[in-house]
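*Asks:* First the structure, then my questions, so here it is.
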Amino acid sequence: AYAAYAPPRVAMIYVTDIEVVARHLGLRPVDRGANVMLAANDDDPSFVRTKLIDGLVTAAPSQIAVDLLTGPGRSPNEGEALLDWMEKHEHLWRR
């Protein structure tokens, strides 16, 4: 939604209850090759400054950048691309 870089291969989703969401979405645990990652925490800063985009509650660009920079595979490259976009379009995302 912020800076198109490449087609997504992995979804990283913050939820309040991993088991409920996994069951609702029909997800199953795997040892490797996951294409959906769920994360939950009672006091998670990931839910701060979310925004509704195309019907999805989306984390703040700053949170997305942190997640990508520390993520697997090509995620760090995607994080760098998002940081570049953020620098050029600060007026669109900073509140």
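The chains in the structure tokens are called A, B, ... from first to last as shown; in each chain the residues are counted from 1, and the ligands are counted from 1 in the order shown.
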Within 6 Å of segment 7-16 of chain A, counting only C-alpha atoms, which residues show up once you throw out same-chain ones fewer than 6 positions away? Write them as a ChimeraX atom specification, please.

*Replies:* /A:35-40

*Asks:* Could you save the residues just selected, with N, CA, C and O atoms, as a PDB file, in the first residue's frame?

*Replies:*
ATOM      1  N   ASN A  35       4.128 -19.218   4.464  1.00  0.00           N
ATOM      2  CA  ASN A  35       3.819 -18.021   3.694  1.00  0.00           C
ATOM      3  C   ASN A  35       2.895 -17.067   4.459  1.00  0.00           C
ATOM      4  O   ASN A  35       2.525 -16.030   3.962  1.00  0.00           O
ATOM      5  N   VAL A  36       2.539 -17.465   5.696  1.00  0.00           N
ATOM      6  CA  VAL A  36       1.785 -16.598   6.597  1.00  0.00           C
ATOM      7  C   VAL A  36       2.406 -16.708   7.977  1.00  0.00           C
ATOM      8  O   VAL A  36       2.639 -17.807   8.473  1.00  0.00           O
ATOM      9  N   MET A  37       2.714 -15.558   8.577  1.00  0.00           N
ATOM     10  CA  MET A  37       3.235 -15.534   9.944  1.00  0.00           C
ATOM     11  C   MET A  37       2.281 -14.716  10.795  1.00  0.00           C
ATOM     12  O   MET A  37       1.939 -13.590  10.422  1.00  0.00           O
ATOM     13  N   LEU A  38       1.854 -15.298  11.918  1.00  0.00           N
ATOM     14  CA  LEU A  38       0.987 -14.595  12.855  1.00  0.00           C
ATOM     15  C   LEU A  38       1.797 -14.232  14.092  1.00  0.00           C
ATOM     16  O   LEU A  38       2.586 -15.043  14.576  1.00  0.00           O
ATOM     17  N   ALA A  39       1.587 -13.036  14.600  1.00  0.00           N
ATOM     18  CA  ALA A  39       2.273 -12.587  15.808  1.00  0.00           C
ATOM     19  C   ALA A  39       1.253 -11.957  16.745  1.00  0.00           C
ATOM     20  O   ALA A  39       0.350 -11.243  16.303  1.00  0.00           O
ATOM     21  N   ALA A  40       1.395 -12.225  18.051  1.00  0.00           N
ATOM     22  CA  ALA A  40       0.463 -11.664  19.038  1.00  0.00           C
ATOM     23  C   ALA A  40       1.224 -11.260  20.289  1.00  0.00           C
ATOM     24  O   ALA A  40       2.225 -11.859  20.645  1.00  0.00           O
TER      25      ALA A  40
END

*Asks:* Running DSSP on the backbone, which parts of chain A land in alpha helix (DSSP H), as an NGL selection string?

*Replies:* :A and (18-25 or 61-69 or 75-88 or 90-93)

*Asks:* Could you write out the selected residues, including C-alpha atoms, as a CSV table (one decimal), in the first residue's frame?

*Replies:*
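Output saved as selection-v5.csv:
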chain,number,residue,atom,x,y,z
A,18,ILE,CA,-3.0,-16.6,17.2
A,19,GLU,CA,-5.0,-19.8,17.6
A,20,VAL,CA,-8.4,-18.2,16.9
A,21,VAL,CA,-7.1,-16.5,13.8
A,22,ALA,CA,-5.2,-19.5,12.5
A,23,ARG,CA,-8.3,-21.7,13.0
A,24,HIS,CA,-10.6,-19.0,11.3
A,25,LEU,CA,-8.2,-18.7,8.3
A,61,PRO,CA,4.8,2.4,7.9
A,62,SER,CA,7.5,2.8,10.6
A,63,GLN,CA,6.4,-0.6,12.1
A,64,ILE,CA,6.3,-2.2,8.7
A,65,ALA,CA,9.8,-1.0,8.0
A,66,VAL,CA,11.2,-2.4,11.3
A,67,ASP,CA,9.5,-5.8,10.6
A,68,LEU,CA,10.8,-5.9,7.1
A,69,LEU,CA,14.4,-4.9,8.0
A,75,SER,CA,12.4,-8.6,3.5
A,76,PRO,CA,15.4,-6.4,4.3
A,77,ASN,CA,15.5,-5.2,0.7
A,78,GLU,CA,11.8,-4.4,0.9
A,79,GLY,CA,12.4,-2.6,4.1
A,80,GLU,CA,15.1,-0.4,2.5
A,81,ALA,CA,12.7,0.4,-0.4
A,82,LEU,CA,10.0,1.4,2.1
A,83,LEU,CA,12.4,3.6,4.0
A,84,ASP,CA,13.3,5.3,0.7
A,85,TRP,CA,9.6,5.8,0.0
A,86,MET,CA,9.0,7.2,3.5
A,87,GLU,CA,11.8,9.7,3.1
A,88,LYS,CA,10.4,11.0,-0.1
A,90,GLU,CA,6.9,12.0,4.6
A,91,HIS,CA,3.8,14.2,4.2
A,92,LEU,CA,1.7,11.1,3.3
A,93,TRP,CA,2.5,8.9,6.3

*Asks:* Would you please give, as a list in words, all residues of chain A that DSSP assigns to strand (DSSP E or B) based on the backbone?

*Replies:*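 For chain A, the strand (DSSP E or B) set is Ala11, Met12, Ile13, Tyr14, Val36, Met37, Leu38, Ala39, Lys51, Leu52, Ile53, Leu56, Val57 and Thr58 of chain A.
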
*Asks:* Output N, CA, C and O atoms for every residue in that selection, as a compact mmCIF listing (two decimals), in the first residue's frame.

*Replies:*
# COMPACT_ATOMS: atom_id res chain seq x y z
N ALA A 11 2.92 -13.18 4.24
CA ALA A 11 2.07 -12.24 4.97
C ALA A 11 2.46 -12.29 6.44
O ALA A 11 2.51 -13.37 7.03
N MET A 12 2.78 -11.13 7.01
CA MET A 12 3.05 -11.02 8.44
C MET A 12 1.87 -10.29 9.05
O MET A 12 1.64 -9.12 8.72
N ILE A 13 1.14 -10.99 9.92
CA ILE A 13 -0.12 -10.45 10.42
C ILE A 13 -0.09 -10.39 11.95
O ILE A 13 0.18 -11.39 12.61
N TYR A 14 -0.38 -9.20 12.49
CA TYR A 14 -0.50 -9.03 13.94
C TYR A 14 -1.94 -9.34 14.33
O TYR A 14 -2.87 -8.85 13.69
N VAL A 36 2.54 -17.46 5.70
CA VAL A 36 1.78 -16.60 6.60
C VAL A 36 2.41 -16.71 7.98
O VAL A 36 2.64 -17.81 8.47
N MET A 37 2.71 -15.56 8.58
CA MET A 37 3.24 -15.53 9.94
C MET A 37 2.28 -14.72 10.80
O MET A 37 1.94 -13.59 10.42
N LEU A 38 1.85 -15.30 11.92
CA LEU A 38 0.99 -14.59 12.85
C LEU A 38 1.80 -14.23 14.09
O LEU A 38 2.59 -15.04 14.58
N ALA A 39 1.59 -13.04 14.60
CA ALA A 39 2.27 -12.59 15.81
C ALA A 39 1.25 -11.96 16.74
O ALA A 39 0.35 -11.24 16.30
N LYS A 51 -3.81 2.00 10.31
CA LYS A 51 -4.62 2.75 9.35
C LYS A 51 -5.41 1.73 8.52
O LYS A 51 -4.90 0.67 8.18
N LEU A 52 -6.64 2.07 8.19
CA LEU A 52 -7.47 1.22 7.34
C LEU A 52 -7.15 1.53 5.89
O LEU A 52 -7.34 2.65 5.43
N ILE A 53 -6.62 0.53 5.18
CA ILE A 53 -6.27 0.68 3.77
C ILE A 53 -6.90 -0.47 2.99
O ILE A 53 -6.60 -1.64 3.26
N LEU A 56 -8.30 -3.30 5.03
CA LEU A 56 -7.41 -4.00 5.95
C LEU A 56 -6.80 -3.02 6.95
O LEU A 56 -6.34 -1.95 6.55
N VAL A 57 -6.78 -3.41 8.21
CA VAL A 57 -6.09 -2.60 9.20
C VAL A 57 -4.59 -2.86 8.99
O VAL A 57 -4.13 -3.99 9.05
N THR A 58 -3.88 -1.79 8.71
CA THR A 58 -2.47 -1.88 8.34
C THR A 58 -1.61 -1.19 9.38
O THR A 58 -1.95 -0.11 9.86

*Asks:* Pick out the closest residue to Pro72 of chain A from this set: A:Leu27, A:Ala6, A:Ala1, A:Arg32. Count only C-alpha atoms.

*Replies:*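 Nearest to Pro72 of chain A: A:Arg32.
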
*Asks:* Which of these, A:Arg49, A:Gly55, A:Gly26, A:Thr70, has the shortest distance to Arg95 of chain A once you count only C-alpha atoms?

*Replies:*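 Ranked by minimum distance to Arg95 of chain A, first place goes to A:Arg49.
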
*Asks:* Can you work out the spacing between atom CA of Val48 of chain A and atom CA of Ala3 of chain A in Å, to one decimal?

*Replies:*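 According to the coordinates, atom CA of Val48 of chain A and atom CA of Ala3 of chain A are separated by 20.1 Å.
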
*Asks:* Just to confirm, what's the straight-line distance from atom CA of Asp17 of chain A to atom CA of Asp44 of chain A in Å (one decimal)?

*Replies:* 12.2 Å

*Asks:* Just the number, please: distance in Å from atom CA of Arg74 of chain A to atom CA of His89 of chain A, one decimal.

*Replies:*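 According to the coordinates, atom CA of Arg74 of chain A and atom CA of His89 of chain A are separated by 22.7 Å.
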